[in-house]
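Asks: One file: run-v7.cif (mmCIF, C-alpha atoms).
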```cif
data_entry
loop_
_atom_site.group_PDB
_atom_site.id
_atom_site.type_symbol
_atom_site.label_atom_id
_atom_site.label_comp_id
_atom_site.auth_asym_id
_atom_site.auth_seq_id
_atom_site.Cartn_x
_atom_site.Cartn_y
_atom_site.Cartn_z
ATOM 1 C CA MET K 5 27.870 -41.885 -32.302
ATOM 2 C CA ASP K 6 24.781 -42.125 -30.069
ATOM 3 C CA ALA K 7 21.240 -41.275 -31.117
ATOM 4 C CA HIS K 8 21.334 -37.837 -29.464
ATOM 5 C CA ALA K 9 24.465 -36.827 -31.371
ATOM 6 C CA GLU K 10 22.990 -38.100 -34.630
ATOM 7 C CA ALA K 11 19.792 -36.125 -34.046
ATOM 8 C CA HIS K 12 21.841 -32.998 -33.238
ATOM 9 C CA GLU K 13 23.857 -33.379 -36.440
ATOM 10 C CA PHE K 14 20.673 -33.865 -38.457
ATOM 11 C CA ILE K 15 19.123 -30.671 -37.052
ATOM 12 C CA LEU K 16 22.164 -28.580 -37.930
ATOM 13 C CA TYR K 17 22.468 -29.928 -41.462
ATOM 14 C CA LEU K 18 20.142 -28.321 -43.993
ATOM 15 C CA PRO K 19 20.387 -29.972 -47.408
ATOM 16 C CA TYR K 20 20.101 -28.207 -50.755
ATOM 17 C CA THR K 21 21.094 -24.749 -49.518
ATOM 18 C CA ALA K 22 23.633 -24.405 -52.338
ATOM 19 C CA HIS K 23 22.880 -27.379 -54.596
ATOM 20 C CA ARG K 24 19.747 -28.186 -56.530
ATOM 21 C CA ARG K 25 17.121 -30.560 -55.237
ATOM 22 C CA PRO K 26 16.732 -33.658 -57.432
ATOM 23 C CA ASP K 27 12.936 -33.399 -57.407
ATOM 24 C CA THR K 28 12.502 -29.731 -58.383
ATOM 25 C CA GLY K 29 15.851 -28.766 -59.879
ATOM 26 C CA LEU K 30 15.938 -25.798 -57.488
ATOM 27 C CA TYR K 31 17.777 -25.201 -54.247
ATOM 28 C CA ASN K 32 15.604 -24.576 -51.191
ATOM 29 C CA ALA K 33 15.792 -20.800 -51.101
ATOM 30 C CA LYS K 34 14.889 -20.448 -54.765
ATOM 31 C CA LEU K 35 11.946 -22.808 -54.387
ATOM 32 C CA GLY K 36 10.834 -20.807 -51.359
ATOM 33 C CA ILE K 37 11.032 -17.444 -53.110
ATOM 34 C CA TRP K 38 8.990 -18.699 -56.077
ATOM 35 C CA LEU K 39 6.267 -19.889 -53.693
ATOM 36 C CA PHE K 40 6.390 -16.563 -51.865
ATOM 37 C CA LEU K 41 6.190 -14.590 -55.113
ATOM 38 C CA ALA K 42 3.195 -16.675 -56.172
ATOM 39 C CA SER K 43 1.364 -15.459 -53.064
ATOM 40 C CA GLU K 44 2.466 -11.900 -53.815
ATOM 41 C CA VAL K 45 1.043 -12.148 -57.334
ATOM 42 C CA MET K 46 -2.312 -13.123 -55.828
ATOM 43 C CA LEU K 47 -2.136 -10.209 -53.368
ATOM 44 C CA PHE K 48 -1.350 -7.523 -55.916
ATOM 45 C CA GLY K 49 -3.605 -9.199 -58.474
ATOM 46 C CA ALA K 50 -6.544 -8.799 -56.086
ATOM 47 C CA LEU K 51 -5.675 -5.141 -55.494
ATOM 48 C CA PHE K 52 -5.309 -4.379 -59.197
ATOM 49 C CA SER K 53 -8.608 -6.159 -59.862
ATOM 50 C CA SER K 54 -10.278 -4.005 -57.199
ATOM 51 C CA TYR K 55 -8.787 -0.905 -58.799
ATOM 52 C CA ILE K 56 -10.129 -1.868 -62.227
ATOM 53 C CA LEU K 57 -13.606 -2.735 -60.911
ATOM 54 C CA ILE K 58 -13.938 0.466 -58.881
ATOM 55 C CA ARG K 59 -12.645 2.600 -61.737
ATOM 56 C CA THR K 60 -14.889 1.109 -64.404
ATOM 57 C CA ALA K 61 -17.936 1.398 -62.131
ATOM 58 C CA ALA K 62 -17.328 5.073 -61.310
ATOM 59 C CA PRO K 63 -19.174 7.624 -63.489
ATOM 60 C CA VAL K 64 -16.243 10.050 -63.122
ATOM 61 C CA TRP K 65 -12.658 9.108 -62.349
ATOM 62 C CA PRO K 66 -9.745 11.462 -61.547
ATOM 63 C CA ARG K 67 -6.770 11.553 -63.888
ATOM 64 C CA GLY K 68 -3.600 11.077 -61.913
ATOM 65 C CA TRP K 69 -1.447 12.988 -64.376
ATOM 66 C CA GLU K 70 -3.437 16.144 -63.649
ATOM 67 C CA PHE K 71 -2.330 16.438 -60.010
ATOM 68 C CA LEU K 72 0.123 13.675 -59.078
ATOM 69 C CA ASN K 73 3.863 14.289 -59.377
ATOM 70 C CA VAL K 74 4.491 12.510 -62.677
ATOM 71 C CA PRO K 75 8.142 13.696 -63.107
ATOM 72 C CA LEU K 76 9.090 12.344 -59.679
ATOM 73 C CA ALA K 77 7.285 9.063 -60.363
ATOM 74 C CA THR K 78 9.051 8.833 -63.721
ATOM 75 C CA ALA K 79 12.399 9.329 -61.994
ATOM 76 C CA ASN K 80 11.478 6.570 -59.547
ATOM 77 C CA THR K 81 10.692 4.287 -62.470
ATOM 78 C CA PHE K 82 14.162 4.720 -63.923
ATOM 79 C CA ILE K 83 15.685 4.317 -60.451
ATOM 80 C CA LEU K 84 13.998 0.949 -59.978
ATOM 81 C CA ILE K 85 14.968 -0.200 -63.459
ATOM 82 C CA ALA K 86 18.580 0.761 -62.723
ATOM 83 C CA SER K 87 18.435 -1.119 -59.416
ATOM 84 C CA SER K 88 17.298 -4.275 -61.220
ATOM 85 C CA VAL K 89 20.401 -3.992 -63.401
ATOM 86 C CA THR K 90 22.737 -3.481 -60.441
ATOM 87 C CA VAL K 91 21.359 -6.468 -58.530
ATOM 88 C CA VAL K 92 21.971 -8.671 -61.585
ATOM 89 C CA LEU K 93 25.525 -7.321 -61.811
ATOM 90 C CA ALA K 94 25.999 -8.081 -58.118
ATOM 91 C CA TRP K 95 24.932 -11.691 -58.647
ATOM 92 C CA ALA K 96 27.068 -12.013 -61.808
ATOM 93 C CA ASN K 97 30.198 -10.775 -60.024
ATOM 94 C CA LEU K 98 29.598 -13.130 -57.115
ATOM 95 C CA ARG K 99 29.241 -15.998 -59.576
ATOM 96 C CA LEU K 100 32.694 -15.033 -60.875
ATOM 97 C CA GLY K 101 34.070 -15.087 -57.325
ATOM 98 C CA ASN K 102 34.436 -11.309 -57.007
ATOM 99 C CA LEU K 103 33.045 -10.403 -53.583
ATOM 100 C CA LYS K 104 34.330 -6.827 -53.712
ATOM 101 C CA TRP K 105 32.401 -5.859 -56.833
ATOM 102 C CA GLY K 106 29.461 -7.968 -55.775
ATOM 103 C CA ARG K 107 29.127 -5.903 -52.602
ATOM 104 C CA ILE K 108 29.632 -2.673 -54.557
ATOM 105 C CA PHE K 109 26.695 -3.492 -56.808
ATOM 106 C CA ILE K 110 24.612 -4.565 -53.822
ATOM 107 C CA GLY K 111 25.421 -1.169 -52.336
ATOM 108 C CA LEU K 112 24.307 0.576 -55.535
ATOM 109 C CA THR K 113 21.055 -1.386 -55.443
ATOM 110 C CA LEU K 114 20.574 -0.287 -51.843
ATOM 111 C CA ILE K 115 21.217 3.355 -52.760
ATOM 112 C CA CYS K 116 18.627 3.143 -55.542
ATOM 113 C CA ALA K 117 16.083 1.658 -53.153
ATOM 114 C CA LEU K 118 16.684 4.410 -50.597
ATOM 115 C CA ALA K 119 16.433 7.069 -53.305
ATOM 116 C CA PHE K 120 13.085 5.606 -54.356
ATOM 117 C CA LEU K 121 11.778 5.806 -50.789
ATOM 118 C CA VAL K 122 13.023 9.373 -50.315
ATOM 119 C CA ASN K 123 11.297 10.462 -53.522
ATOM 120 C CA LYS K 124 8.128 8.700 -52.451
ATOM 121 C CA GLY K 125 8.317 10.538 -49.120
ATOM 122 C CA PHE K 126 8.465 13.887 -50.930
ATOM 123 C CA GLU K 127 5.522 12.814 -53.077
ATOM 124 C CA TYR K 128 3.431 11.803 -50.073
ATOM 125 C CA ARG K 129 4.280 15.074 -48.320
ATOM 126 C CA HIS K 130 3.042 17.034 -51.320
ATOM 127 C CA GLU K 131 -0.253 15.131 -51.331
ATOM 128 C CA PHE K 132 -0.746 15.767 -47.618
ATOM 129 C CA VAL K 133 0.027 19.478 -48.021
ATOM 130 C CA GLU K 134 -2.598 19.625 -50.755
ATOM 131 C CA HIS K 135 -5.024 17.874 -48.349
ATOM 132 C CA ARG K 136 -5.350 14.804 -50.526
ATOM 133 C CA MET K 137 -5.763 12.004 -48.022
ATOM 134 C CA PRO K 138 -6.813 8.343 -48.363
ATOM 135 C CA SER K 139 -10.274 9.437 -47.224
ATOM 136 C CA SER K 140 -10.514 12.115 -49.938
ATOM 137 C CA SER K 141 -11.717 9.803 -52.699
ATOM 138 C CA ASN K 142 -11.645 6.224 -53.939
ATOM 139 C CA PHE K 143 -8.752 7.166 -56.205
ATOM 140 C CA MET K 144 -6.635 8.487 -53.334
ATOM 141 C CA ALA K 145 -7.534 5.491 -51.165
ATOM 142 C CA LEU K 146 -6.338 3.134 -53.902
ATOM 143 C CA TYR K 147 -3.306 5.328 -54.601
ATOM 144 C CA PHE K 148 -2.093 5.226 -51.005
ATOM 145 C CA THR K 149 -2.950 1.541 -50.601
ATOM 146 C CA LEU K 150 -1.124 0.387 -53.734
ATOM 147 C CA THR K 151 1.892 2.682 -53.495
ATOM 148 C CA GLY K 152 2.105 2.259 -49.715
ATOM 149 C CA LEU K 153 2.130 -1.525 -49.935
ATOM 150 C CA HIS K 154 4.686 -1.351 -52.723
ATOM 151 C CA GLY K 155 6.784 1.003 -50.595
ATOM 152 C CA LEU K 156 6.750 -1.514 -47.755
ATOM 153 C CA HIS K 157 8.110 -4.111 -50.171
ATOM 154 C CA VAL K 158 10.879 -1.700 -51.161
ATOM 155 C CA LEU K 159 11.648 -1.165 -47.473
ATOM 156 C CA GLY K 160 11.824 -4.941 -47.029
ATOM 157 C CA GLY K 161 14.384 -5.055 -49.826
ATOM 158 C CA VAL K 162 16.400 -2.307 -48.124
ATOM 159 C CA ILE K 163 16.552 -4.339 -44.915
ATOM 160 C CA VAL K 164 17.653 -7.512 -46.700
ATOM 161 C CA PHE K 165 20.269 -5.786 -48.865
ATOM 162 C CA THR K 166 21.633 -3.976 -45.813
ATOM 163 C CA TYR K 167 22.053 -7.305 -44.068
ATOM 164 C CA PHE K 168 23.820 -8.984 -46.979
ATOM 165 C CA ILE K 169 26.178 -6.098 -47.617
ATOM 166 C CA GLY K 170 27.018 -6.045 -43.906
ATOM 167 C CA PRO K 171 27.003 -8.942 -41.423
ATOM 168 C CA GLY K 172 25.468 -11.362 -43.906
ATOM 169 C CA ALA K 173 28.593 -11.130 -46.073
ATOM 170 C CA LYS K 174 30.340 -13.412 -43.568
ATOM 171 C CA MET K 175 28.491 -16.249 -45.265
ATOM 172 C CA TRP K 176 30.885 -15.805 -48.193
ATOM 173 C CA LYS K 177 33.774 -17.206 -46.122
ATOM 174 C CA GLU K 178 31.822 -20.313 -45.154
ATOM 175 C CA SER K 179 29.943 -20.964 -48.391
ATOM 176 C CA PRO K 180 30.396 -18.634 -51.393
ATOM 177 C CA ALA K 181 27.832 -20.596 -53.400
ATOM 178 C CA ARG K 182 25.204 -20.181 -50.702
ATOM 179 C CA TYR K 183 25.869 -16.441 -50.388
ATOM 180 C CA THR K 184 25.639 -16.077 -54.164
ATOM 181 C CA ASN K 185 22.359 -17.973 -54.178
ATOM 182 C CA ARG K 186 20.963 -15.687 -51.493
ATOM 183 C CA ILE K 187 21.705 -12.659 -53.653
ATOM 184 C CA GLU K 188 20.034 -14.380 -56.595
ATOM 185 C CA VAL K 189 16.929 -14.955 -54.465
ATOM 186 C CA CYS K 190 16.957 -11.323 -53.331
ATOM 187 C CA GLY K 191 17.266 -10.348 -56.976
ATOM 188 C CA LEU K 192 14.178 -12.346 -57.924
ATOM 189 C CA TYR K 193 12.229 -10.592 -55.175
ATOM 190 C CA TRP K 194 13.566 -7.218 -56.311
ATOM 191 C CA HIS K 195 12.602 -7.854 -59.933
ATOM 192 C CA PHE K 196 9.069 -8.550 -58.732
ATOM 193 C CA VAL K 197 9.009 -5.261 -56.816
ATOM 194 C CA ASP K 198 10.214 -3.509 -59.962
ATOM 195 C CA LEU K 199 7.580 -5.251 -62.092
ATOM 196 C CA VAL K 200 4.766 -4.210 -59.747
ATOM 197 C CA TRP K 201 5.855 -0.589 -60.062
ATOM 198 C CA ILE K 202 5.920 -0.898 -63.853
ATOM 199 C CA PHE K 203 2.198 -1.676 -63.632
ATOM 200 C CA LEU K 204 1.470 0.884 -60.911
ATOM 201 C CA PHE K 205 3.104 3.798 -62.683
ATOM 202 C CA PRO K 206 0.905 3.935 -65.814
ATOM 203 C CA SER K 207 -2.227 2.805 -63.976
ATOM 204 C CA LEU K 208 -2.110 5.589 -61.377
ATOM 205 C CA TYR K 209 -0.105 8.355 -62.986
ATOM 206 C CA LEU K 210 -0.725 8.205 -66.743
ATOM 207 C CA MET K 211 -4.207 6.810 -67.339
#
```
For the structure just supplied, provide its representation as structure tokens.
Replies:
Amino acid sequence: MDAHAEAHEFILYLPYTAHRRPDTGLYNAKLGIWLFLASEVMLFGALFSSYILIRTAAPVWPRGWEFLNVPLATANTFILIASSVTVVLAWANLRLGNLKWGRIFIGLTLICALAFLVNKGFEYRHEFVEHRMPSSSNFMALYFTLTGLHGLHVLGGVIVFTYFIGPGAKMWKESPARYTNRIEVCGLYWHFVDLVWIFLFPSLYLM
């Protein structure tokens, strides 16, 4: 085998896509998602810190439960919690070699994510009808910034889950372990999205 062929083979081969690295004990995708989530913690941490500083410095602060749609936000909370359960069940079934039920639970996770976005759309529409815009107050600016950014993360999850329930499922034929690991990584991301909402919900709607 000449040098060109060896270089070509090296480029195509990506180690530790399904097996753990000896140095970290993690496969590449899992290591990558933990690094990504660390940056996300810093991002949302900065936004929550800004929220706390602005709120504590304000002489008067609106109470979200007086005008925001708390019942709809509560429903969205349970929807996200349910979706965290379904994504774990998807990963568990794939670990057992059951692609059919794995895809079913991925589909249920996707449905929950879409339901969350639809509910959020109704909530935003209500705020706009009531002429509560990001420019209306510091509270509304923070509300739209935090929930909007979180919504974009939910949308990102929708795109990824749609891929893995559709064309991405072909990976199962080539490497079931790698496909299973990808769902585990998606699950870690989704748990983070769920956790952020668990903090957003009481901070904006109940306090």
Asks: In Å, how far is it from CA of Val200 (chain K) to CA of Asn142 (chain K)?
Replies: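 One can read the CA of Val200 (chain K) to CA of Asn142 (chain K) distance as 20.3 Å.
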Asks: Please provide as an NGL selection string all residues within 12 Å of region 119-126 of chain K, with the sequence filter that same-chain residues fewer than 2 positions apart are discarded (counting only C-alpha atoms).
Replies: :K and (72-87 or 112-117 or 128-133 or 148 or 151-152 or 154-162 or 197-198 or 201)
Asks: Enter the distance from CA of Phe40 (chain K) to CA of Leu93 (chain K), in Å, rounded to one decimal.
Replies: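 Atom-to-atom, CA of Phe40 (chain K) and CA of Leu93 (chain K) are spaced 23.5 Å apart.
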Asks: Return the single residue from K:Trp38, K:Tyr209, K:Phe71, K:Tyr55 that is closest to Arg136 (chain K), with distances computed using all atoms listed in the file.
Replies: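 For Arg136 (chain K), the nearest of the given residues is K:Phe71.
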Asks: Could you state which residues are captured by the PyMOL selection byres ((chain K and resi 99) around 10) in this file, as a PDB file with C-alpha atoms, keeping the file's coordinate frame?
Replies:
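Now in part-v7.pdb:
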```pdb
ATOM      1  CA  LEU K  93      25.525  -7.321 -61.811  1.00  0.00           C
ATOM      2  CA  ALA K  94      25.999  -8.081 -58.118  1.00  0.00           C
ATOM      3  CA  TRP K  95      24.932 -11.691 -58.647  1.00  0.00           C
ATOM      4  CA  ALA K  96      27.068 -12.013 -61.808  1.00  0.00           C
ATOM      5  CA  ASN K  97      30.198 -10.775 -60.024  1.00  0.00           C
ATOM      6  CA  LEU K  98      29.598 -13.130 -57.115  1.00  0.00           C
ATOM      7  CA  LEU K 100      32.694 -15.033 -60.875  1.00  0.00           C
ATOM      8  CA  GLY K 101      34.070 -15.087 -57.325  1.00  0.00           C
ATOM      9  CA  ASN K 102      34.436 -11.309 -57.007  1.00  0.00           C
ATOM     10  CA  LEU K 103      33.045 -10.403 -53.583  1.00  0.00           C
ATOM     11  CA  GLY K 106      29.461  -7.968 -55.775  1.00  0.00           C
ATOM     12  CA  PRO K 180      30.396 -18.634 -51.393  1.00  0.00           C
ATOM     13  CA  ALA K 181      27.832 -20.596 -53.400  1.00  0.00           C
ATOM     14  CA  TYR K 183      25.869 -16.441 -50.388  1.00  0.00           C
ATOM     15  CA  THR K 184      25.639 -16.077 -54.164  1.00  0.00           C
ATOM     16  CA  ASN K 185      22.359 -17.973 -54.178  1.00  0.00           C
ATOM     17  CA  GLU K 188      20.034 -14.380 -56.595  1.00  0.00           C
TER      18      GLU K 188
END
```
Asks: Of the candidates K:Thr60, K:Phe143, K:Val189, K:Leu208, which shows the shortest atom-to-atom distance to Leu39 (chain K), using only C-alpha atoms?
Replies: K:Val189
Asks: Using only C-alpha atoms, can you tell me which of K:Phe196, K:Tyr147, K:Trp105, K:Phe205 comes closest to Ile169 (chain K)?
Replies: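 Under the stated criterion, the closest residue is K:Trp105.
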Asks: To verify the selection step, state as a ChimeraX atom specification which residues the PyMOL selection byres ((chain K and resi 211) around 8) yields on this input.
Replies: /K:67-69,206-210
Asks: In Å to one decimal, how far is CA of Met137 (chain K) from CA of Phe203 (chain K)?
Replies: 22.2 Å
Asks: Considering all atoms listed in the file, state which residue in the set K:Ala42, K:Leu192, K:Leu153, K:Lys174 is at the smallest distance from Val92 (chain K).
Replies: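 Looking only at the distances to Val92 (chain K), the closest residue turns out to be K:Leu192.
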Asks: Which residues of region 86-192 of chain K come within 9 Å of region 49-52 of chain K, and what is each one's closest atom pair and distance in Å (one decimal), counting all atoms listed in the file, sorted by chain and residue number, as a Markdown table?
Replies:
```
| residue | atom | partner | partner_atom | distance |
| --- | --- | --- | --- | --- |
| K:Leu146 | CA | K:Leu51 | CA | 8.5 |
| K:Thr149 | CA | K:Leu51 | CA | 8.7 |
| K:Leu150 | CA | K:Leu51 | CA | 7.4 |
```
Asks: Give me the box for region 168-177 of chain K as lines of an AutoDock Vina configuration file, namely the centre and edge lengths in Å to one decimal of a box along x, y and z that holds every listed atom plus 6 Å on each side.
Replies:
```
center_x = 28.8
center_y = -11.6
center_z = -44.8
size_x = 22.0
size_y = 23.2
size_z = 18.8
```
Asks: Which is closer to Phe109 (chain K) than all the others in K:Ala33, K:Ile187, K:Leu57, K:Ala145, using only C-alpha atoms?
Replies: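 Once distances to Phe109 (chain K) are computed over only C-alpha atoms, the minimum belongs to K:Ile187.
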